[in-house]
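Trainee: Can you keep this structure in mind? I'll have questions shortly.
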Amino acid sequence: MKKEDTVKLISAEGFEFVIDKEAAMVSQTIHNMLTSPGSFAERQHGEVTFPEISTTILEKICQYFYWHLQFASGKETEFPIEPELTLELMMAANYLHT
Amino acid sequence: MPPQTPTQTNEPSSLPTRRRSLRLASNPNSDPSQCGAGDDSAATAVRVSNDPNSGPTGGDSSGKGGRKGRAADSPTATVRLDESGKGFLNLRSGKKVLKRGMEASHDNAVTNGDPGSGSAKRGRKTRTQKSQEEEEEQKCEAKDTDSDVDAVKIEKHNVAEGLEHFDSGDRGKRKLDGDAVNVEVGSTVAGGRKLSREEKGKSVANGEPHRGAVAREAPPLENRSGAELHSEERNAVPVQLRARERSRNTNNNNNNGNQREHGSNRMEQFRDIARENAFRFAHFRADEEENTNDDSVPEPEPEPEVEHEIEDWPGPFSTAMKIIRDREKKDTQTGCRPSERSLVESIEWVPKRNQSLTSGKFLVPSSLQELCLNILARNVDNIASLDSVPDSLRHRLSQLLCDSGRITDHFLELLVGGSPTEIRLRNCSWLSEEHFTKCFQMCDTANLVVLQLDQCGRCLADYVIYTTLAQSRGHLPRLTNLSITGACRLSDLGLRALVSSAPALRSVNLSRCSLLTSSGIFHLAESLKSLLKELYLDECNGIDAELVLPALVELEHLEVLSVAGVKTVNDDFVKNYVTARGHNLKELVLHNCVNVTDASIKIIAEQCPGLCVLDIMHLEKLTDVSIGHLTNRCRALHTLKLCRNLFSDEAIAAFVETSGESLQELSLNSVKKVGYHTTLSLARHAKNLHTLDLSWCRNLTDNALGLIVDSCLSLISLNLFGCTQVTDVFLKGHSNMQLQMIGLQNSPLLQNVKVPDPHQGALYYSSVSMDCV
C-alpha cells in the first residue's frame, strides 16, 4: 500500500488504523473531509482522529468499509456484528454517515 | 363479520356426531304424504347410494366413497318434512338467522343432500358439507338409470326445511341434467344466491336466503312417478338456464302448485331475511351524495368563459399558457393536430446509461447504521439503556420497531427512561393502558420537547391523561410538539387537561380524534392564542367547520392548518378564515374537503402570499382556473399536492413553467391528463424538484419519464404507482443515480411514508425559542 493511497484513522485510545483511501471514503464524513476544497488538516496529513470512538468500534468500522467495497463489487456476504457492540457501533456509524 | 372461506366450517365438531346418531334414529313425522315419500326415497337412497359410480365428477366423488356407506346406513332419515321453514340459515357472516329446526330436518339434509358443486370447495357448515357430499354421491349416481329415483329423492329433499335442503336439492336437480349441470352446479347454486357469490366469488354458498332459493321451492311430492318426472325435468330444463330460472322451470313444470303454499311462508321469511341483510350488499357511490350538498351559496358552474378569462388577464399564467400553446403549435406543424398520446410519444430521449454495462444486479450494500438498527430491532429486549443515543437514532429505531411489529413494552421503558427530550411512537396500537400509565407516571418530563403518540386510541383516554400527562399543571413545561392522532377516546375535557399541563405548545396534531368538538378547540385557542403555530385537525368530524372558525381565527400566529377530510369545510369557511389569518399561513391542507371550489382557491391565492405548501388532493370541483390563480399569486409555493384533480396538462405545465424554479415537491397522483406539456415544462424548469409523484399518470411514456428524470437534477424520490406502462428502457436507462423509485417492483413502502426530518427543528417554519416560556 502506497502512502498516497492510505489514510490513518486514530481512535480515542490512540490506536492507529491505516486503511485504503477508497475504503475510508465509504464514510461520507471522511469523504468530505478528504475531498472538500477547504484545507482540513486531515487532508494535508492524511490522518483523522476520532476522540469519541473507541478502538473496538473503530476496528469494526474499518472492517465494514472493506466489506462494503466487496459487496458492491459482487461478493455478497453477511457482515457479522456482535450484539454487544451494536449500540455504540450505530452511534459511530451515524457520526460517520456510513 | 369477515367472510369465511368456504372450506372453513364453523360448526363445532360435536355436531356431526350428534347428527349422525340422530340421523340413524330419527323418523320423519308431520306430513304423512311426505313421510311416505320419504320412506320410498329412503329405500331408494340406500339402493342408489350403494352403487359405486364414477360420473363426470368421478374424481371428486371417489373421495366420497366412504360416505356412501353412511348414506346407506340411514334408511329412515330421508325426508324431514315436519317443520316448515325452520331450517338453519347460515348467512355469509356466519350469523344464524333462523333458529335451528329439529335435528331431524338437518339430518335429512345430511343424508339426502347432494353434495354441491363438484368443485373442491365445500360448504362451511358440516351439515351442508355432509349434504354436499351426499349430493355428490347422488350426482355421480345421477348417471344411472336410477336417476329418476334420485329425482324423487331430491324432490323430497327439497321439501325439507332449511335452505341447505334447497341447496342440495337444487344441486341434485342440476345433476340430473347431465354433465353440463355439473359444470354449472356451482354457478347455479349461486344463481339463487347471486348476490353473495358475485360478492365474494366463492363457489359454494351457504344457506342464505334468496329469491332464487325461494324459487327453488319444494318440488311436488306427488310426482313420484320417477321416470316420467325425471325425463320431464330433463327435457324441460335446458342446460344453459340459470339456476333460478331452472328451478322455477322445473318446479313449475312439475309443480301442481301444491307446494307453493308451503313455500309462501318460507318466502316471506326469506324475504325478511334478505331485507335484513341487503345492506351488506349495497354499494355506495360517493358522487351520488353530491346532491345532498346544501350550500347556501350556489356553486358557480365552471364555465368555459371563466377559463378564458383567467388566461386573458395579464399575468404569469396567461404568459405561460401562451408559451405552451405556441410550443404545441410548433411541434405539431407537420400535420393535423395529433392526439395527446402521439404528442407524448414525440418526446425524444436517449437512455444515457448503457444497459450492457451494468451486468446483472446493481448491488447496494446496506449502510452500517441500517445493519445495526436491524440487529437492535431483533434484540430489543436486550438493550439495557438508550442513554447517550441521540434522538434521531431513537426515532429511527422506534420507527423500525413500530413498522415491523417488534416493539415491546420494554422499549417504551427505555424511551421514557432518563430525562428524554423527544419521544416518538408512530404506532401505539400495541400499547396497553396499564403499561402506558405505568411508564408515563414515572417519566421525567421536565425536558420533553416532542411527544408523538400516534394511533393511541387504545391507551389514551381522559382518565389516563389525568394520571399521566396531566398529573399537574405544567407537567410538560417544555413540550412544544404534541401529536396524539387517533385518540378516539379523548374528549374535550381530556384535551383541556392536556393543554393546561403543556403551556408552551406550538404544534398540536389532533387528527382523527373523533370525540373532539369545537368547544375543545375553543379552549385550545384561548390558552395558546399567541403561541400555536401548527394545528392539524384531519378527519375530526366531530368539529363543525363553521362553529370552530372563530376559534381558529383567534390563533394569531398559525402557520400550518390542516382540515383534511373535515366534511363541513366549504368555500365560506375558507374565505372567512383566509381573509382573517391568511397572511401568516404557510401551509394549508384541504385534502378531501370536497366542497371546496375555485372560489376558495382564488381567495387563498389573493390572501396568502407566503403560502409554501398547498394540499388540494381529491378536490374534484376545482378547474384550471384554480391553477391559474395559484400561478399568478402564490409565488412562494414550493410544495403542491394534487391527487385526482381534473386539471389539464396545459394548466399544470403553465404552473410549472412559472413556479418551476422554486418547486421542491410536486404530486400529480392520478391527474390523468398529465402528459406532453407537463413533461417538457418539468424538464426545462424544475431544477430544484426533489420529490415527484407521477402515480397513475398513464400518458407518460418511457421517454417522457426519462426526460424528466435526467433533467431534474435534484430529483431524489419518484413515485410511480400504477405506471405499468413503464418498461426497463426507462428503469435501467436513466442516468440519475441518486433517484429512488417507489411503487414499482416491490419497493419498500413503510420506509417512505413521510416522517418528520430528525435533523429539522421541532417546527416546520419557525424556530422555537424557549425563553418566552
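Following the order of the C-alpha cells, first chain is A, next is B, and so on, with residues numbered from 1 inside each chain and ligands from 1 in the order they appear.
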With 7 Å as the cut-off and only C-alpha atoms counted, what is the closest atom pair between each nearby residue of chain B and chain A? Distances in Å to one decimal, ordered by chain and number, as a tab-separated table.
Mentor:
```
residue	atom	partner	partner_atom	distance
B:Leu363	CA	A:Ala72	CA	5.3
B:Val364	CA	A:Ala72	CA	6.0
B:Pro365	CA	A:Phe71	CA	6.0
B:Ser367	CA	A:Thr98	CA	5.7
B:Leu368	CA	A:Thr98	CA	5.8
B:Gln369	CA	A:Met90	CA	5.2
B:Cys372	CA	A:Thr86	CA	5.5
B:Leu376	CA	A:Thr86	CA	6.9
B:Val389	CA	A:Met91	CA	6.9
```
Trainee: According to DSSP computed on the backbone, where in range 11-72 of chain A is there strand (DSSP E)? Give the residues as a VMD selection string.
Mentor: chain A and resid 16 to 20 47 to 49
Trainee: Atoms to include: N, CA and C atoms. Write the selected residues as a PDB file, in the first residue's frame.
Mentor:
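Dumped to again-v4.pdb:
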```pdb
ATOM      1  N   GLU A  16      -3.906   3.402  15.911  1.00  0.00           N
ATOM      2  CA  GLU A  16      -3.931   3.934  14.558  1.00  0.00           C
ATOM      3  C   GLU A  16      -4.261   2.829  13.570  1.00  0.00           C
ATOM      4  N   PHE A  17      -5.225   3.097  12.748  1.00  0.00           N
ATOM      5  CA  PHE A  17      -5.600   2.133  11.715  1.00  0.00           C
ATOM      6  C   PHE A  17      -5.283   2.745  10.365  1.00  0.00           C
ATOM      7  N   VAL A  18      -4.457   2.056   9.609  1.00  0.00           N
ATOM      8  CA  VAL A  18      -4.098   2.557   8.289  1.00  0.00           C
ATOM      9  C   VAL A  18      -4.885   1.777   7.251  1.00  0.00           C
ATOM     10  N   ILE A  19      -5.712   2.477   6.517  1.00  0.00           N
ATOM     11  CA  ILE A  19      -6.547   1.775   5.524  1.00  0.00           C
ATOM     12  C   ILE A  19      -6.506   2.514   4.203  1.00  0.00           C
ATOM     13  N   ASP A  20      -7.000   1.828   3.160  1.00  0.00           N
ATOM     14  CA  ASP A  20      -7.041   2.446   1.833  1.00  0.00           C
ATOM     15  C   ASP A  20      -7.953   3.650   1.852  1.00  0.00           C
ATOM     16  N   GLU A  47      -4.531  12.061   8.059  1.00  0.00           N
ATOM     17  CA  GLU A  47      -4.856  11.445   9.340  1.00  0.00           C
ATOM     18  C   GLU A  47      -6.157  12.019   9.867  1.00  0.00           C
ATOM     19  N   VAL A  48      -6.977  11.164  10.422  1.00  0.00           N
ATOM     20  CA  VAL A  48      -8.211  11.639  11.056  1.00  0.00           C
ATOM     21  C   VAL A  48      -8.300  11.059  12.454  1.00  0.00           C
ATOM     22  N   THR A  49      -8.570  11.916  13.425  1.00  0.00           N
ATOM     23  CA  THR A  49      -8.688  11.456  14.803  1.00  0.00           C
ATOM     24  C   THR A  49     -10.143  11.428  15.215  1.00  0.00           C
TER      25      THR A  49
END
```
Trainee: Go through range 5-95 of chain A and collect every residue that DSSP, computed from the backbone, puts in helix (DSSP H, G or I); the answer should be as a count of residues only.
Mentor: 49
Trainee: Any idea what's packed within 6 Å of range 655-660 of chain B, counting only C-alpha atoms, ignoring anything in its chain fewer than 2 positions away? Could you give it as a ChimeraX atom specification?
Mentor: /B:631,652-653,662-663,681,685-686
Trainee: What does the distance between CA of Ala502 in chain B and CA of Leu393 in chain B come to in Å, to one decimal place?
Mentor: 25.5 Å
Trainee: For CA of Leu412 in chain B and CA of Cys513 in chain B, determine how far apart the two atoms are, in Å to one decimal place.
Mentor: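 CA of Cys513 in chain B lies 22.8 Å from CA of Leu412 in chain B.
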Trainee: Give me, please, the distance in Å between CA of Glu434 in chain B and CA of Val380 in chain B, quoted to one decimal.
Mentor: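 Taking CA of Glu434 in chain B as the start and CA of Val380 in chain B as the end point, the length is 20.4 Å.
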Trainee: Just want the 12 Å neighbourhood of Leu482 in chain B, counted on only C-alpha atoms, with same-chain residues fewer than 3 positions away dropped. Output as a tab-separated table (two decimals) with N, CA, C and O atoms, in the first residue's frame.
Mentor:
```tsv
chain	number	residue	atom	x	y	z
B	422	GLU	N	-37.19	13.81	23.44
B	422	GLU	CA	-38.15	13.53	22.38
B	422	GLU	C	-38.58	12.08	22.44
B	422	GLU	O	-37.75	11.20	22.56
B	423	ILE	N	-39.86	11.89	22.39
B	423	ILE	CA	-40.40	10.52	22.33
B	423	ILE	C	-41.32	10.45	21.13
B	423	ILE	O	-42.29	11.20	21.06
B	424	ARG	N	-40.98	9.56	20.23
B	424	ARG	CA	-41.82	9.44	19.05
B	424	ARG	C	-42.23	7.97	18.87
B	424	ARG	O	-41.38	7.10	18.77
B	425	LEU	N	-43.52	7.76	18.83
B	425	LEU	CA	-44.04	6.42	18.55
B	425	LEU	C	-45.09	6.57	17.48
B	425	LEU	O	-46.16	7.12	17.74
B	448	LEU	N	-39.02	17.22	28.17
B	448	LEU	CA	-39.68	16.68	26.99
B	448	LEU	C	-40.13	17.81	26.07
B	448	LEU	O	-40.90	18.68	26.47
B	449	VAL	N	-39.61	17.74	24.85
B	449	VAL	CA	-39.96	18.78	23.88
B	449	VAL	C	-40.95	18.27	22.83
B	449	VAL	O	-41.83	18.98	22.38
B	450	VAL	N	-40.76	17.02	22.46
B	450	VAL	CA	-41.60	16.45	21.41
B	450	VAL	C	-42.23	15.17	21.92
B	450	VAL	O	-41.53	14.30	22.42
B	451	LEU	N	-43.51	15.07	21.83
B	451	LEU	CA	-44.19	13.84	22.22
B	451	LEU	C	-45.13	13.44	21.09
B	451	LEU	O	-46.06	14.16	20.76
B	452	GLN	N	-44.81	12.30	20.52
B	452	GLN	CA	-45.66	11.82	19.44
B	452	GLN	C	-46.19	10.46	19.82
B	452	GLN	O	-45.44	9.51	20.01
B	453	LEU	N	-47.49	10.36	19.94
B	453	LEU	CA	-48.13	9.09	20.28
B	453	LEU	C	-49.22	8.85	19.26
B	453	LEU	O	-50.40	9.08	19.52
B	454	ASP	N	-48.84	8.44	18.10
B	454	ASP	CA	-49.82	8.29	17.04
B	454	ASP	C	-50.58	6.98	17.18
B	454	ASP	O	-50.06	5.98	17.65
B	469	LEU	N	-50.11	12.34	31.81
B	469	LEU	CA	-49.55	13.53	31.19
B	469	LEU	C	-50.01	14.81	31.88
B	469	LEU	O	-49.33	15.83	31.81
B	476	LEU	N	-45.78	19.27	31.70
B	476	LEU	CA	-44.97	19.17	30.47
B	476	LEU	C	-44.51	20.57	30.11
B	476	LEU	O	-45.00	21.18	29.16
B	478	ARG	N	-41.89	21.99	28.84
B	478	ARG	CA	-41.19	22.39	27.63
B	478	ARG	C	-41.78	21.77	26.37
B	478	ARG	O	-41.18	21.87	25.31
B	479	LEU	N	-42.93	21.18	26.53
B	479	LEU	CA	-43.48	20.46	25.38
B	479	LEU	C	-43.90	21.43	24.30
B	479	LEU	O	-44.73	22.32	24.51
B	485	THR	N	-52.59	11.50	17.40
B	485	THR	CA	-53.58	11.17	16.38
B	485	THR	C	-54.31	9.90	16.76
B	485	THR	O	-53.80	9.04	17.49
B	495	LEU	N	-58.68	16.97	26.49
B	495	LEU	CA	-57.83	17.91	25.75
B	495	LEU	C	-57.53	19.14	26.60
B	495	LEU	O	-56.42	19.66	26.63
B	498	LEU	N	-54.86	18.35	29.01
B	498	LEU	CA	-53.56	18.29	28.34
B	498	LEU	C	-53.01	19.68	28.09
B	498	LEU	O	-51.83	19.96	28.31
B	499	VAL	N	-53.87	20.52	27.59
B	499	VAL	CA	-53.41	21.87	27.24
B	499	VAL	C	-52.97	22.63	28.48
B	499	VAL	O	-52.01	23.39	28.46
B	501	SER	N	-51.60	21.37	31.01
B	501	SER	CA	-50.33	20.88	31.53
B	501	SER	C	-49.19	21.15	30.55
B	501	SER	O	-48.03	20.90	30.88
B	502	ALA	N	-49.50	21.64	29.37
B	502	ALA	CA	-48.44	21.92	28.39
B	502	ALA	C	-48.61	23.35	27.90
B	502	ALA	O	-49.11	23.58	26.81
B	503	PRO	N	-48.19	24.31	28.68
B	503	PRO	CA	-48.47	25.70	28.34
B	503	PRO	C	-47.64	26.25	27.19
B	503	PRO	O	-47.91	27.33	26.70
B	504	ALA	N	-46.66	25.48	26.73
B	504	ALA	CA	-45.78	26.02	25.70
B	504	ALA	C	-46.00	25.39	24.34
B	504	ALA	O	-45.15	25.48	23.47
B	505	LEU	N	-47.13	24.78	24.15
B	505	LEU	CA	-47.35	24.06	22.90
B	505	LEU	C	-47.31	24.97	21.70
B	505	LEU	O	-47.93	26.03	21.67
B	506	ARG	N	-46.61	24.48	20.68
B	506	ARG	CA	-46.58	25.22	19.43
B	506	ARG	C	-47.23	24.46	18.29
B	506	ARG	O	-47.64	25.03	17.29
B	507	SER	N	-47.21	23.14	18.44
B	507	SER	CA	-47.72	22.33	17.33
B	507	SER	C	-48.55	21.20	17.91
B	507	SER	O	-48.09	20.45	18.75
B	508	VAL	N	-49.79	21.12	17.47
B	508	VAL	CA	-50.69	20.12	18.02
B	508	VAL	C	-51.33	19.36	16.87
B	508	VAL	O	-51.90	19.96	15.96
B	509	ASN	N	-51.24	18.06	16.95
B	509	ASN	CA	-51.84	17.22	15.91
B	509	ASN	C	-52.94	16.40	16.55
B	509	ASN	O	-52.69	15.50	17.36
B	510	LEU	N	-54.17	16.71	16.19
B	510	LEU	CA	-55.32	16.03	16.78
B	510	LEU	C	-56.08	15.26	15.71
B	510	LEU	O	-57.30	15.14	15.78
B	511	SER	N	-55.35	14.75	14.75
B	511	SER	CA	-56.05	14.07	13.66
B	511	SER	C	-56.82	12.87	14.18
B	511	SER	O	-56.36	12.14	15.04
B	532	LEU	N	-49.63	29.05	19.37
B	532	LEU	CA	-49.80	27.90	18.49
B	532	LEU	C	-49.45	28.26	17.05
B	532	LEU	O	-49.94	29.24	16.49
B	533	LYS	N	-48.60	27.42	16.49
B	533	LYS	CA	-48.18	27.67	15.12
B	533	LYS	C	-48.70	26.63	14.16
B	533	LYS	O	-48.81	26.87	12.96
B	534	GLU	N	-48.93	25.43	14.65
B	534	GLU	CA	-49.35	24.37	13.75
B	534	GLU	C	-50.52	23.63	14.37
B	534	GLU	O	-50.46	23.22	15.53
B	535	LEU	N	-51.56	23.46	13.59
B	535	LEU	CA	-52.74	22.76	14.10
B	535	LEU	C	-53.25	21.81	13.02
B	535	LEU	O	-53.51	22.22	11.89
B	536	TYR	N	-53.35	20.55	13.39
B	536	TYR	CA	-53.82	19.54	12.46
B	536	TYR	C	-55.12	18.95	12.99
B	536	TYR	O	-55.13	18.39	14.07
B	762	ALA	N	-38.10	21.50	15.66
B	762	ALA	CA	-39.39	20.96	16.09
B	762	ALA	C	-40.53	21.50	15.25
B	762	ALA	O	-41.52	20.83	15.04
B	763	LEU	N	-40.40	22.71	14.77
B	763	LEU	CA	-41.46	23.28	13.96
B	763	LEU	C	-40.98	23.38	12.52
B	763	LEU	O	-39.80	23.52	12.26
```
Trainee: For range 636-650 of chain B, work out the shell of residues within 8 Å, counting only C-alpha atoms and skipping chain neighbours fewer than 2 positions away, then give it as a ChimeraX atom specification.
Mentor: /B:321,324,609-624,627,634,652-654,659,662-678
